[in-house]
file final.cif (mmCIF, C-alpha atoms)
data_run
#
loop_
_atom_site.label_atom_id
_atom_site.label_comp_id
_atom_site.auth_asym_id
_atom_site.auth_seq_id
_atom_site.Cartn_x
_atom_site.Cartn_y
_atom_site.Cartn_z
CA MET A 272 0.00 0.00 0.00
CA GLY A 273 1.44 3.38 -1.02
CA ALA A 274 2.03 6.19 1.46
CA GLY A 275 -0.72 8.31 -0.11
CA ARG A 276 -3.28 5.52 0.17
CA SER A 277 -2.21 4.86 3.76
CA ARG A 278 -2.68 8.51 4.75
CA GLY A 279 -6.02 8.52 2.97
CA ASP A 280 -7.18 5.52 5.00
CA GLU A 281 -6.01 7.29 8.13
CA ALA A 282 -8.04 10.36 7.19
CA PHE A 283 -11.04 8.15 6.48
CA THR A 284 -10.78 6.60 9.93
CA LEU A 285 -10.58 10.01 11.57
CA LEU A 286 -13.49 11.52 9.64
CA SER A 287 -16.01 8.69 9.41
CA PRO A 288 -17.25 8.96 13.05
CA HIS A 289 -18.21 12.58 12.30
CA VAL A 290 -20.32 12.00 9.22
CA ALA A 291 -23.23 13.93 10.80
CA ASP A 292 -21.26 17.16 10.32
CA TRP A 293 -21.88 18.60 6.84
CA PHE A 294 -18.34 19.94 6.40
CA LEU A 295 -16.60 16.80 7.60
CA ALA A 296 -18.97 14.62 5.57
CA ALA A 297 -17.97 16.52 2.42
CA ALA A 298 -14.30 16.06 3.33
CA LEU A 299 -14.96 12.35 3.82
CA VAL A 300 -16.42 12.07 0.31
CA ASP A 301 -13.32 13.78 -1.08
CA VAL A 302 -11.05 11.40 0.84
CA ALA A 303 -13.00 8.38 -0.38
CA GLU A 304 -12.32 9.25 -4.00
CA GLY A 305 -8.60 8.71 -3.57
CA THR A 306 -8.79 5.64 -1.36
CA GLY A 307 -11.32 3.45 -3.10
CA ARG A 308 -13.73 3.79 -0.17
CA ASP A 309 -16.70 5.22 -2.06
CA GLU A 310 -19.04 2.41 -1.12
CA ASP A 311 -18.07 2.63 2.55
CA VAL A 312 -19.04 6.31 2.60
CA ALA A 313 -22.20 5.54 0.62
CA VAL A 314 -23.27 3.12 3.34
CA LEU A 315 -22.66 5.72 6.05
CA LEU A 316 -24.65 8.37 4.18
CA THR A 317 -27.47 5.98 3.30
CA ASP A 318 -27.80 5.08 6.97
CA ARG A 319 -28.02 8.76 7.88
CA ILE A 320 -30.70 9.38 5.24
CA GLU A 321 -32.78 6.36 6.16
CA ALA A 322 -32.58 7.17 9.86
CA ALA A 323 -34.06 10.63 9.40
CA PRO A 324 -37.61 11.15 10.75
CA GLY A 325 -40.32 10.76 8.16
CA CYS A 326 -38.02 9.29 5.52
CA GLY A 327 -39.85 6.04 4.91
CA THR A 328 -40.37 6.58 1.18
CA PRO A 329 -38.07 7.66 -1.64
CA ALA A 330 -40.27 10.72 -2.29
CA CYS A 331 -39.91 12.17 1.19
CA ARG A 332 -38.55 15.67 1.63
CA ARG A 333 -35.77 14.61 4.01
CA HIS A 334 -36.11 17.60 6.35
CA GLY A 335 -34.57 15.67 9.24
CA VAL A 336 -31.45 14.37 7.49
CA GLU A 337 -28.15 15.16 9.16
CA PRO A 338 -25.89 16.20 7.61
CA GLY A 339 -28.12 18.37 5.43
CA ASN A 340 -25.96 17.68 2.39
CA ALA A 341 -26.15 13.90 2.75
CA VAL A 342 -28.36 13.35 -0.30
CA GLY A 343 -26.16 15.51 -2.51
CA LEU A 344 -22.99 13.82 -1.26
CA LEU A 345 -24.44 10.37 -1.87
CA ALA A 346 -25.42 11.47 -5.38
CA THR A 347 -21.83 12.59 -5.94
CA ILE A 348 -20.60 9.14 -5.04
CA ARG A 349 -23.16 7.38 -7.22
CA GLU A 350 -22.20 9.53 -10.19
CA ARG A 351 -18.55 8.72 -9.56
CA GLN A 352 -19.46 5.04 -9.60
CA GLY A 353 -21.18 5.45 -12.95
CA ARG A 354 -24.65 5.04 -11.43
CA VAL A 355 -25.97 8.24 -12.99
CA ASP A 356 -29.67 7.33 -12.99
CA GLU A 357 -29.46 6.59 -9.29
CA ALA A 358 -27.74 9.93 -8.67
CA ILE A 359 -30.48 11.74 -10.58
CA GLY A 360 -33.15 9.94 -8.60
CA LEU A 361 -31.52 10.91 -5.32
CA LEU A 362 -31.28 14.56 -6.26
CA GLY A 363 -34.93 14.55 -7.24
CA THR A 364 -35.89 13.84 -3.62
CA ARG A 365 -34.42 17.04 -2.22
CA ASP A 366 -36.59 19.87 -0.96
CA THR A 367 -33.90 22.49 -1.61
CA THR A 368 -32.36 22.25 -5.05
CA SER A 369 -30.35 25.48 -5.14
CA VAL A 370 -27.19 25.75 -3.06
CA ASN A 371 -24.62 28.56 -3.27
CA GLY A 372 -25.99 29.88 -6.55
CA GLY A 373 -25.92 26.57 -8.38
CA ASP A 374 -27.90 23.38 -8.82
CA GLN A 375 -26.27 19.98 -8.52
CA LEU A 376 -28.90 18.17 -10.54
CA ALA A 377 -28.68 20.65 -13.41
CA ASP A 378 -24.89 20.33 -13.43
CA LEU A 379 -25.11 16.54 -13.42
CA LEU A 380 -27.56 16.48 -16.34
CA ALA A 381 -25.34 18.89 -18.28
CA ARG A 382 -22.21 16.81 -17.67
CA HIS A 383 -23.91 13.74 -19.08
CA ASP A 384 -25.45 15.51 -22.08
CA ARG A 385 -28.99 14.78 -20.95
CA VAL A 386 -30.27 17.99 -22.48
CA GLN A 387 -33.94 17.04 -22.78
CA GLU A 388 -34.10 16.12 -19.11
CA LEU A 389 -32.35 19.39 -18.31
CA ARG A 390 -34.97 21.25 -20.36
CA THR A 391 -37.75 19.64 -18.39
CA TYR A 392 -36.06 20.40 -15.10
CA ALA A 393 -35.28 23.99 -16.11
CA ALA A 394 -38.94 24.64 -16.88
CA ALA A 395 -39.90 23.83 -13.30
CA GLU A 396 -36.88 24.81 -11.17
CA TYR A 397 -37.82 27.92 -9.18
CA HIS A 398 -34.53 29.76 -8.80
CA GLY A 399 -33.52 29.70 -12.45
CA HIS A 400 -30.18 27.99 -11.95
CA ALA A 401 -31.22 25.04 -14.09
CA ALA A 402 -32.33 27.42 -16.83
CA GLN A 403 -28.98 29.16 -16.65
CA ARG A 404 -27.16 25.86 -16.95
CA LEU A 405 -29.30 24.85 -19.92
CA ALA A 406 -28.59 28.17 -21.64
CA GLU A 407 -24.87 27.70 -21.02
CA VAL A 408 -24.98 24.24 -22.58
CA LEU A 409 -26.79 25.55 -25.63
CA GLU A 410 -24.44 28.52 -25.99
CA GLU A 411 -21.39 26.26 -25.71
CA GLY A 412 -22.88 24.12 -28.48
CA GLY A 413 -23.36 27.14 -30.75
CA ASP A 414 -27.14 27.36 -30.36
CA ILE A 415 -27.27 31.06 -29.41
CA GLU A 416 -30.91 31.55 -30.34
CA GLY A 417 -31.84 28.52 -28.26
CA ALA A 418 -29.99 29.95 -25.27
CA ILE A 419 -31.75 33.29 -25.74
CA ALA A 420 -35.11 31.52 -25.84
CA VAL A 421 -34.41 29.86 -22.49
CA TYR A 422 -33.91 33.22 -20.81
CA GLN A 423 -36.98 34.65 -22.50
CA GLN A 424 -39.17 32.15 -20.67
CA PRO A 425 -38.76 33.35 -17.06
CA GLY A 426 -41.58 31.31 -15.52
CA ASP A 427 -43.35 32.41 -12.34
CA SER A 428 -40.30 33.09 -10.18
CA PRO A 429 -39.25 36.72 -9.54
CA ALA A 430 -35.70 35.41 -9.14
CA ARG A 431 -35.82 33.86 -12.59
CA ARG A 432 -37.37 36.99 -14.06
CA TYR A 433 -34.72 39.37 -12.78
CA HIS A 434 -31.63 37.18 -12.91
CA GLY A 435 -32.67 35.61 -16.20
CA SER A 436 -33.00 39.05 -17.79
CA VAL A 437 -29.53 40.01 -16.59
CA GLN A 438 -28.05 36.73 -17.78
CA LEU A 439 -29.74 37.25 -21.15
CA ALA A 440 -28.19 40.71 -21.41
CA GLN A 441 -24.76 39.28 -20.63
CA LEU A 442 -25.25 36.61 -23.29
CA LEU A 443 -26.25 39.21 -25.87
CA VAL A 444 -23.21 41.36 -25.06
CA ARG A 445 -20.91 38.36 -25.47
CA HIS A 446 -22.24 37.96 -29.00
CA GLY A 447 -22.00 41.59 -30.04
CA ARG A 448 -25.66 42.45 -29.50
CA GLY A 449 -25.20 45.19 -26.93
CA ASP A 450 -28.12 47.33 -28.12
CA GLU A 451 -30.52 44.42 -27.56
CA ALA A 452 -29.00 43.82 -24.14
CA LEU A 453 -29.45 47.46 -23.17
CA ALA A 454 -33.05 47.49 -24.37
CA GLY A 455 -33.84 44.42 -22.30
CA ILE A 456 -32.31 45.78 -19.11
CA ARG A 457 -34.01 49.15 -19.66
CA ALA A 458 -37.35 47.37 -19.93
CA LEU A 459 -36.59 45.45 -16.74
CA ALA A 460 -35.58 48.59 -14.85
CA ASP A 461 -38.75 50.36 -16.03
CA SER A 462 -41.01 47.51 -14.94
CA PRO A 463 -42.77 47.52 -11.53
CA GLY A 464 -40.17 46.77 -8.86
CA GLY A 465 -37.34 46.96 -11.37
CA GLU A 466 -35.56 50.00 -9.96
CA GLU A 467 -33.24 47.86 -7.83
CA ASP A 468 -29.72 49.18 -7.39
CA TRP A 469 -28.04 46.19 -9.04
CA ILE A 470 -30.34 46.36 -12.07
CA VAL A 471 -29.85 50.11 -12.49
CA ASP A 472 -26.11 49.58 -12.05
CA MET A 473 -26.07 47.11 -14.93
CA LEU A 474 -28.14 49.51 -17.04
CA CYS A 475 -25.59 52.26 -16.44
CA THR A 476 -22.69 49.92 -17.16
CA LEU A 477 -24.26 48.88 -20.46
CA CYS A 478 -24.87 52.53 -21.36
CA ALA A 479 -21.21 53.30 -20.77
CA ASP A 480 -20.02 50.24 -22.69
CA GLN A 481 -22.28 51.02 -25.66
CA GLY A 482 -21.15 54.64 -25.91
CA ARG A 483 -24.49 55.89 -24.59
CA ALA A 484 -23.37 57.48 -21.34
CA GLN A 485 -25.71 60.45 -21.75
CA GLU A 486 -28.64 58.04 -21.85
CA GLY A 487 -27.52 56.52 -18.55
CA LEU A 488 -27.24 59.96 -16.94
CA ALA A 489 -30.70 60.90 -18.18
CA TYR A 490 -32.10 57.73 -16.64
CA LEU A 491 -30.49 58.52 -13.28
CA ASP A 492 -31.80 62.10 -13.47
CA ALA A 493 -35.35 60.86 -13.99
CA LEU A 494 -34.98 58.28 -11.22
CA ALA A 495 -33.72 60.91 -8.77
CA ALA A 496 -36.59 63.23 -9.71
CA ARG A 497 -39.16 60.50 -9.03
CA ARG A 498 -37.62 59.63 -5.67
CA GLY A 499 -36.86 63.16 -4.61
CA GLU A 500 -33.35 62.18 -3.53
CA GLU A 501 -30.35 60.22 -4.70
CA SER A 502 -28.54 58.03 -2.21
CA TRP A 503 -24.86 57.33 -2.72
CA ASP A 504 -25.68 53.83 -3.88
CA PHE A 505 -27.28 55.33 -7.00
CA PHE A 506 -25.17 58.48 -7.22
CA ARG A 507 -21.95 56.47 -7.54
CA MET A 508 -23.33 55.00 -10.77
CA ARG A 509 -23.10 58.48 -12.26
CA LEU A 510 -19.36 58.76 -11.87
CA PRO A 511 -18.12 56.52 -14.72
CA LEU A 512 -20.87 57.92 -16.95
CA MET A 513 -19.77 61.48 -16.24
CA VAL A 514 -16.15 60.55 -16.91
CA ALA A 515 -17.20 59.00 -20.22
CA CYS A 516 -18.85 62.33 -21.08
CA GLY A 517 -15.67 64.28 -20.25
CA LEU A 518 -17.06 65.57 -16.95
CA ARG A 519 -14.48 64.18 -14.52
CA GLU A 520 -13.97 67.47 -12.64
CA ASN A 521 -17.71 67.94 -12.29
CA ALA A 522 -17.99 64.36 -11.05
CA ILE A 523 -15.36 65.00 -8.37
CA GLU A 524 -17.04 68.24 -7.32
CA ARG A 525 -20.49 66.69 -7.10
CA ALA A 526 -19.21 63.63 -5.27
CA ARG A 527 -17.55 65.79 -2.64
CA ALA A 528 -20.75 67.84 -2.24
CA HIS A 529 -22.99 64.78 -1.87
CA PRO A 530 -24.49 64.32 1.64
CA GLU A 531 -22.53 61.06 1.92
CA GLY A 532 -19.39 62.51 0.34
CA GLY A 533 -17.50 62.40 3.62
CA THR A 534 -17.98 58.69 4.24
CA TRP A 535 -15.21 56.16 3.73
CA TYR A 536 -16.99 54.45 0.85
CA ALA A 537 -17.53 57.75 -0.97
CA ALA A 538 -13.91 58.69 -0.29
CA GLU A 539 -12.73 55.57 -2.09
CA SER A 540 -14.78 56.48 -5.19
CA ILE A 541 -13.53 60.08 -5.13
CA ALA A 542 -9.97 58.87 -4.72
CA GLU A 543 -10.38 56.58 -7.72
CA LEU A 544 -11.49 59.54 -9.84
CA LEU A 545 -8.50 61.56 -8.70
CA ALA A 546 -5.98 58.75 -9.14
CA ASP A 547 -7.22 57.92 -12.64
CA ALA A 548 -6.58 61.56 -13.51
CA GLY A 549 -2.98 61.26 -12.29
CA ARG A 550 -3.72 63.16 -9.06
CA THR A 551 -2.60 60.42 -6.70
CA GLU A 552 -1.43 62.76 -3.95
CA GLU A 553 -4.89 64.33 -3.79
CA ALA A 554 -6.42 60.85 -3.73
CA VAL A 555 -4.21 59.97 -0.77
CA ALA A 556 -5.21 63.17 1.05
CA VAL A 557 -8.91 62.31 0.66
CA LEU A 558 -8.38 58.77 1.94
CA GLU A 559 -6.18 59.83 4.84
CA ARG A 560 -8.96 62.09 6.00
CA HIS A 561 -11.99 59.87 5.49
CA ALA A 562 -10.67 56.29 5.18
CA PRO A 563 -7.31 56.13 7.01
CA ASP A 564 -7.26 52.33 7.26
CA SER A 565 -8.40 51.64 3.69
CA SER A 566 -6.46 49.10 1.66
CA VAL A 567 -7.04 51.45 -1.29
CA LEU A 568 -5.03 54.09 0.58
CA ALA A 569 -2.20 51.60 1.04
CA TRP A 570 -2.05 50.90 -2.70
CA HIS A 571 -1.95 54.60 -3.55
CA LEU A 572 0.79 55.16 -0.99
CA LEU A 573 2.79 52.42 -2.69
CA ASP A 574 2.26 54.19 -6.02
CA LEU A 575 3.88 57.27 -4.45
CA GLY A 576 6.78 55.22 -3.12
CA ARG A 577 5.66 55.69 0.50
CA VAL A 578 6.22 52.07 1.45
CA LYS A 579 6.52 52.56 5.22
CA ASP A 580 3.28 54.53 5.30
CA ALA A 581 1.52 51.84 3.27
CA VAL A 582 2.71 49.15 5.67
CA ALA A 583 1.50 51.22 8.64
CA VAL A 584 -1.97 51.49 7.06
CA LEU A 585 -2.16 47.74 6.47
CA GLN A 586 -1.00 47.05 10.05
CA GLN A 587 -3.68 49.38 11.35
CA ARG A 588 -6.24 47.61 9.18
CA ALA A 589 -5.15 44.20 10.50
CA THR A 590 -5.39 45.43 14.10
CA LYS A 591 -8.87 46.79 13.49
CA SER A 592 -10.10 43.56 11.88
CA ALA A 593 -8.85 41.60 14.90
CA ALA A 594 -10.71 43.86 17.35
CA PRO A 595 -14.13 42.92 18.85
CA PRO A 596 -17.12 43.68 16.60
CA SER A 597 -18.16 47.33 16.48
CA THR A 598 -21.30 48.44 18.28
CA GLY A 599 -21.67 51.45 16.00
CA THR A 600 -24.91 52.55 14.37
CA LEU A 601 -26.10 51.68 10.92
CA ALA A 602 -24.68 55.01 9.78
CA ASP A 603 -21.23 53.43 9.99
CA ALA A 604 -22.10 51.00 7.22
CA PRO A 605 -21.92 51.65 3.48
CA PRO A 606 -24.96 51.24 1.21
CA ILE A 607 -25.61 47.59 0.46
CA GLY A 608 -24.74 47.96 -3.21
CA THR A 609 -21.41 49.70 -2.62
CA PRO A 610 -18.51 47.56 -3.86
#

call {"tool": "encode", "arguments": {"input": "final.cif", "output": "structure tokens"}}
result
Amino acid sequence: MGAGRSRGDEAFTLLSPHVADWFLAAALVDVAEGTGRDEDVAVLLTDRIEAAPGCGTPACRRHGVEPGNAVGLLATIRERQGRVDEAIGLLGTRDTTSVNGGDQLADLLARHDRVQELRTYAAAEYHGHAAQRLAEVLEEGGDIEGAIAVYQQPGDSPARRYHGSVQLAQLLVRHGRGDEALAGIRALADSPGGEEDWIVDMLCTLCADQGRAQEGLAYLDALAARRGEESWDFFRMRLPLMVACGLRENAIERARAHPEGGTWYAAESIAELLADAGRTEEAVAVLERHAPDSSVLAWHLLDLGRVKDAVAVLQQRATKSAAPPSTGTLADAPPIGTP
């Protein structure tokens, strides 16, 4: 027995008593792949699934299974063993299909070129991750119109409607159809509930990329007029559009005058405008005043050759991150959409 196999068996022995822990169970499945112990782990996971309350039938929802990823992990093993139909059947019993922005069943169907089954699943899957995977498969195969059609059928899910529209726009841009992408996102932003910061942000980005920065600014003007105010989360979208229109100085002036212009997150945007104009010393001055422990400040200090000062900033930042959590007010926090 080789040294690697021996250490793998040792790891298996250490992990297997802790199969009820989702993280350790996943590690155990990884270990099994290199040690030929797939079936041993499958037995452990099957026992956990069958022991869960209310799991007397294959169609049960498995709410009581511990670890919560047991069904998915067992499906991983079955696929590895070439038992793909069994893996698909297992994944079909889950109550939650979407994990961390992806869908294991959709990925499995795509890997095994089971496109028709993926189509059927995509039509019903709530979050839209299966539809995204289907569109990716079609795009990879050269069927661009087919991929577009997938995104144009959003179903009943708000998540699919919004994210599918954005994914469609990204697909269109990849294939040189930026005007169509912009029209689609504009329609989404203009629809009821569509004025979300991330949607408007994409609209502005597309306007800038398509050489239509003035159109993006006009949209933001109208939005601000309707709302009677413009929070930094939306105002910051103006800055690259203004730069594209040759209005960098006006952008800096307006950013500084904004009610949130003295916050650390606004300071970073103002500093970026200054630095891109070759005014790095001014950018540093802004950050030293409003964001003295910003990593952005450290990078600009390095650009100026102030290495010791940059190190001091990073040390201060590390000390702050190691301190107990702040009890400050919500005013200390940036807008949710701020990068």

call {"tool": "residues_around", "arguments": {"input": "final.cif", "residues": "region 291-295 of chain A", "least_positions_apart": "5", "cutoff": "10 Å", "atoms": "all atoms listed in the file", "output": "PyMOL selection string"}}
result
chain A and resi 285-286+300-301+315-316+319+336-341+344

call {"tool": "closest_residue", "arguments": {"input": "final.cif", "among": "A:Cys478, A:Ala454, A:Gly549, A:Leu544", "to": "Asn521 (chain A)", "atoms": "all atoms listed in the file"}}
result
A:Leu544

call {"tool": "closest_residue", "arguments": {"input": "final.cif", "among": "A:Asp480, A:Glu411, A:Asp280, A:Glu500", "to": "Glu304 (chain A)", "atoms": "all atoms listed in the file"}}
result
A:Asp280

call {"tool": "atom_distance", "arguments": {"input": "final.cif", "atom1": "CA of Leu389 (chain A)", "atom2": "CA of Asp309 (chain A)"}}
result
26.6 Å

call {"tool": "residues_around", "arguments": {"input": "final.cif", "residues": "region 485-491 of chain A", "least_positions_apart": "5", "cutoff": "12 Å", "atoms": "all atoms listed in the file", "output": "VMD selection string"}}
result
chain A and resid 453 to 454 456 to 457 460 to 461 466 468 471 to 480 496 to 502 504 to 518 522
